[in-house]
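Student: Questions regarding the structure given below will be posed in turn.
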Amino acid sequence: MTAETAATGTVLPRVPPVAVGRSGGPSPSLRERLAPPMPDDGWRGWLWPIAIALIAGGLRLHRLGIPAAYIFDETYYAQEAPELLEHGVEWDEENDTGGFVVHPPAGKWAIALGQLVFGDDAFGWRIAAVVAGTLSVLVVARVARRMTRSTLLGCVAGLLLALDGLHFVSSRTALLDVFLMFWVLAAFGCLVADRDASRARLAAASGEPDARAPVAGPGPRLGPRPWRIAAGVCLGLACASKWNGLYYLAAFGLLSVLWDVGARRTAGVLRPWRAAVRRDAVPAFVSLVGVALLAYVTSWAGWFASPDGWDRDWASLPENSGGLASLVVPDALRSLWHYHAEILDFHKGLREPHGYQSHPWGWLLLARPVSYFYDQPARGQLGCEVETCAREVLGVGTPALWWAAIAALIVLAWRWWALRDWRTGAVLLGVAAGWLPWFVYSERTIFSFYAVVFVPFLVLAVTLCLGLVLGPPGATAVRRRVGAVIGGSYLLVVLANFGWLYPVLAARVIPYEDWLARMWFGSWI
């Protein structure tokens, strides 16, 4: 049986299915073991996460239009987005036809919507990233609250994400990774909600919720699971933002299966794996993979509708027709498949050296962050009052968060091994799916800002460890007070660290010496 959580967010030991609990009283009922109650703080469970998200949004909106020009890869995505509005596809101006691009369109459609509403300027092409980043702070707070059954720890998670430097920069830049991060996190949140809802339904479907006897057969069917379908939509949109969302589709599919097995085991099913295969496997595949595929293909609607899409009519050419595939698969889908094969070939061959590329080994250590923008105003320029100033947008995480997260991941790995706590396993998988695949492609031109997709899971790792620091609900007042002081002090360190780095995250004009003091390592320059 998996570990469950008290209302304060601390992890309780696993309870065997016997008649008495650890204290000599009755052990938790089946419903309590399957789906422990959420905090009963009502509207406050929403108020504080929303307040933290609004603060995060305000930070990201402040001076959003500075720098006023394209920075880093905005030169691609912020220029391609208006082309989607005009033509339905990215455009090759030189040949006056649809252009070949190497990323799917969902993230660029989001950027285009911001430009449609606010205009084609720096604010307009970055505002969609702000929305995604701000909403992700709210989502991670609510997800952490549900995982820990603690509104306090949920707010801690939201605050940590709001104060991460890489998340901050990504939320203010018209790149695709912030949209990938948001949809992955949203999918995870949907699956956590589905886990609670399905386990509560499983408990209700068992006629005797306090029974301890083994259940004959595979157990009840759970019927439609809308949260899991929503997770499929989110995963499809993640893949439609950047292809590395595929790793999360595979990881979260596995996670959902394992949670179904664990639920049926906890409910007393004798053969939980066989039961999960019979009752849950096919609906899970359809809800996640099938729905994700539908959402992904739908994101290409502009390409399907435009006669000028790149190689839109490839399948209809005589040399590409014939065979069983042309009889079974519509030409439009075969042309899209060909397009994707060309994109894959491009990514396989992307090995052109870049000054800011980095190996994944150094990402958690913040060894080589990416400078999105750098300028050296002289005295009298842009408010510079000394001989030489500097302003920069540096895509670097907050060290106090990232370096603590390394230790937190080690703690979580040990706790998963020792206790099989589902929370620790889920968080570890969330980091692994966004980080480990890049080791396979380390010879390619890759960058540390790709790590923003798993920043929310680093935050969740640190949050779970802070829950351990706070202590169990039965601890003495002194123990809880000491834990609160340690946790609060850590949050102040993260806040101070973010504040110190803020000028080089937001292109503030500062004296060159002050800029250099913030370059903690030579590899940051």
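Residues in the structure tokens are numbered from 1 in each chain, the chains being A, B, ... in the order shown, and ligands are numbered from 1 in the order shown.
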List the spatial neighbours of Gly189 (chain A) as an MDAnalysis selection string - criterion: any atom at most 12 Å away, only C-alpha atoms, same-chain residues fewer than 2 positions off excluded.
Tutor: chainID A and resid 136 138:147 182:187 191:196 227:228 230:232 234:235 252 426:427 430 456:457 460
Student: DSSP says alpha helix (DSSP H) for which residues of region 31-221 of chain A? Put them as a ChimeraX atom specification?
Tutor: /A:31-34,44-61,74-87,106-118,122-148,151-162,165-170,177-205
Student: Between CA of Pro67 (chain A) and CA of Ala451 (chain A), what is the distance in Å, rounded to a tenth?
Tutor: 23.4 Å
Student: Nearest residue to Ala496 (chain A) out of A:Phe179, A:Tyr356, A:Leu401, A:Arg391, using only C-alpha atoms?
Tutor: A:Leu401
Student: If you run DSSP on the backbone, which residues of region 210-446 of chain A are strand (DSSP E or B), as a short mmCIF file (atom, residue, chain, number, x, y, z; two decimals) with C-alpha atoms, in the first residue's frame?
Tutor:
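Okay, this is what ended up in selection.cif:
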data_model
loop_
_atom_site.label_atom_id
_atom_site.label_comp_id
_atom_site.auth_asym_id
_atom_site.auth_seq_id
_atom_site.Cartn_x
_atom_site.Cartn_y
_atom_site.Cartn_z
CA VAL A 215 -11.73 -8.51 -3.32
CA VAL A 269 -7.73 -6.83 -5.27
CA VAL A 370 22.11 31.12 -21.81
CA SER A 371 22.43 34.87 -22.30
CA TYR A 372 19.36 35.95 -24.25
CA PHE A 373 20.47 39.57 -24.47
CA TYR A 374 23.48 41.67 -23.47
CA ASP A 375 24.32 45.33 -23.96
CA ALA A 378 28.02 54.07 -21.77
CA THR A 388 30.38 51.65 -18.36
CA CYS A 389 27.14 49.87 -17.53
CA ALA A 390 25.67 46.53 -18.50
CA ARG A 391 22.22 45.11 -19.01
CA GLU A 392 21.42 41.48 -19.64
CA VAL A 393 18.72 38.85 -19.81
CA LEU A 394 20.42 35.74 -18.43
CA GLY A 395 18.44 32.50 -18.41
#
Student: Can you tell me which residues surround Ala203 (chain A) at a distance of at most 8 Å, considering only C-alpha atoms, apart from same-chain residues fewer than 6 positions away, and format the answer as a PyMOL selection string?
Tutor: chain A and resi 30-31+34+209+267
Student: Would you mind reading off the distance between CA of Leu495 (chain A) and CA of Val156 (chain A), one decimal, in Å?
Tutor: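 Going from CA of Leu495 (chain A) over to CA of Val156 (chain A) covers 11.8 Å.
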Student: What does the distance between CA of Ile229 (chain A) and CA of Gly434 (chain A) come to in Å, to one decimal place?
Tutor: 21.9 Å
Student: Using 12 Å as the limit and counting only C-alpha atoms, can you tabulate each residue of region 174-293 of chain A that touches region 81-84 of chain A, with its shortest atom-to-atom distance in Å and the two atoms involved, as a Markdown table?
Tutor:
| residue | atom | partner | partner_atom | distance |
| --- | --- | --- | --- | --- |
| A:Ala174 | CA | A:Ala81 | CA | 9.9 |
| A:Leu175 | CA | A:Ala81 | CA | 11.0 |
| A:Leu176 | CA | A:Ala81 | CA | 11.3 |
Student: May I have the residues within 10 Å of Tyr450 (chain A) as an MDAnalysis selection string, using only C-alpha atoms and disregarding those fewer than 3 positions away in the same chain?
Tutor: chainID A and resid 166 170 176:178 180:181 244 360 363 434:435 438 446:447 453:455
Student: Can you work out which one of A:Arg60, A:Arg312, A:Arg264, A:Arg279 has the shortest atom-to-atom distance to Gly99 (chain A), counting only C-alpha atoms?
Tutor: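 Checking each of A:Arg60, A:Arg312, A:Arg264, A:Arg279 against Gly99 (chain A), counting only C-alpha atoms, the winner is A:Arg312.
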Student: Could you list, as JSON, numbers by chain, every residue within 10 Å of region 485-492 of chain A, counting only C-alpha atoms and ignoring same-chain residues fewer than 6 positions away?
Tutor: {"A": [156, 159, 160, 163, 400, 401, 404, 463, 465, 466, 467, 468, 469, 470, 498]}
Student: So which residues touch Leu54 (chain A) within 10 Å, counting only C-alpha atoms, skipping near sequence neighbours fewer than 6 positions away, as a list in words?
Tutor: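 Surrounding residues, per the criterion: Trp48, Arg60, Thr134, Leu135, Val137, Leu138 and Ala162 of chain A.
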Student: Let's have the selection written as a PDB file, in the first residue's frame, with N, CA, C and O atoms.
Tutor:
ATOM      1  N   TRP A  48      -5.076  32.114  -1.462  1.00  0.00           N
ATOM      2  CA  TRP A  48      -3.641  32.341  -1.315  1.00  0.00           C
ATOM      3  C   TRP A  48      -2.857  31.915  -2.549  1.00  0.00           C
ATOM      4  O   TRP A  48      -1.962  32.645  -2.987  1.00  0.00           O
ATOM      5  N   ARG A  60       6.390  39.593 -13.660  1.00  0.00           N
ATOM      6  CA  ARG A  60       6.697  39.272 -15.048  1.00  0.00           C
ATOM      7  C   ARG A  60       6.194  40.335 -16.019  1.00  0.00           C
ATOM      8  O   ARG A  60       6.782  40.534 -17.084  1.00  0.00           O
ATOM      9  N   THR A 134       2.449  32.680 -15.407  1.00  0.00           N
ATOM     10  CA  THR A 134       1.639  33.035 -14.241  1.00  0.00           C
ATOM     11  C   THR A 134       0.686  31.909 -13.877  1.00  0.00           C
ATOM     12  O   THR A 134       0.541  31.549 -12.701  1.00  0.00           O
ATOM     13  N   LEU A 135       0.021  31.349 -14.872  1.00  0.00           N
ATOM     14  CA  LEU A 135      -0.900  30.242 -14.610  1.00  0.00           C
ATOM     15  C   LEU A 135      -0.160  29.030 -14.046  1.00  0.00           C
ATOM     16  O   LEU A 135      -0.702  28.301 -13.208  1.00  0.00           O
ATOM     17  N   VAL A 137       2.286  29.063 -11.996  1.00  0.00           N
ATOM     18  CA  VAL A 137       2.473  29.280 -10.562  1.00  0.00           C
ATOM     19  C   VAL A 137       1.216  28.859  -9.801  1.00  0.00           C
ATOM     20  O   VAL A 137       1.287  28.201  -8.750  1.00  0.00           O
ATOM     21  N   LEU A 138       0.053  29.236 -10.318  1.00  0.00           N
ATOM     22  CA  LEU A 138      -1.210  28.829  -9.695  1.00  0.00           C
ATOM     23  C   LEU A 138      -1.374  27.313  -9.737  1.00  0.00           C
ATOM     24  O   LEU A 138      -1.755  26.685  -8.734  1.00  0.00           O
ATOM     25  N   ALA A 162       7.511  31.076  -8.472  1.00  0.00           N
ATOM     26  CA  ALA A 162       7.473  32.500  -8.821  1.00  0.00           C
ATOM     27  C   ALA A 162       8.853  33.139  -8.712  1.00  0.00           C
ATOM     28  O   ALA A 162       9.159  34.101  -9.428  1.00  0.00           O
TER      29      ALA A 162
END
Student: Using only C-alpha atoms for the distances, tell me which of A:Val431, A:Val169, A:Ser523, A:Val462 is nearest to Ala251 (chain A).
Tutor: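 Answer, going by the shortest atom-to-atom distance: A:Val431.
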Student: Pick the closest to Ile343 (chain A) from A:Gly98, A:Trp310, A:Tyr502, A:Ile55: which is it, counting only C-alpha atoms?
Tutor: A:Trp310
Student: Please provide the set of residues having any atom within 9 Å of Val277 (chain A), restricted to only C-alpha atoms, with same-chain residues fewer than 5 positions apart removed, written as a count of residues only.
Tutor: 4
Student: A:Gly45, A:Val494, A:Leu61, A:Ala477: which is nearest Cys155 (chain A), counting only C-alpha atoms?
Tutor: A:Gly45
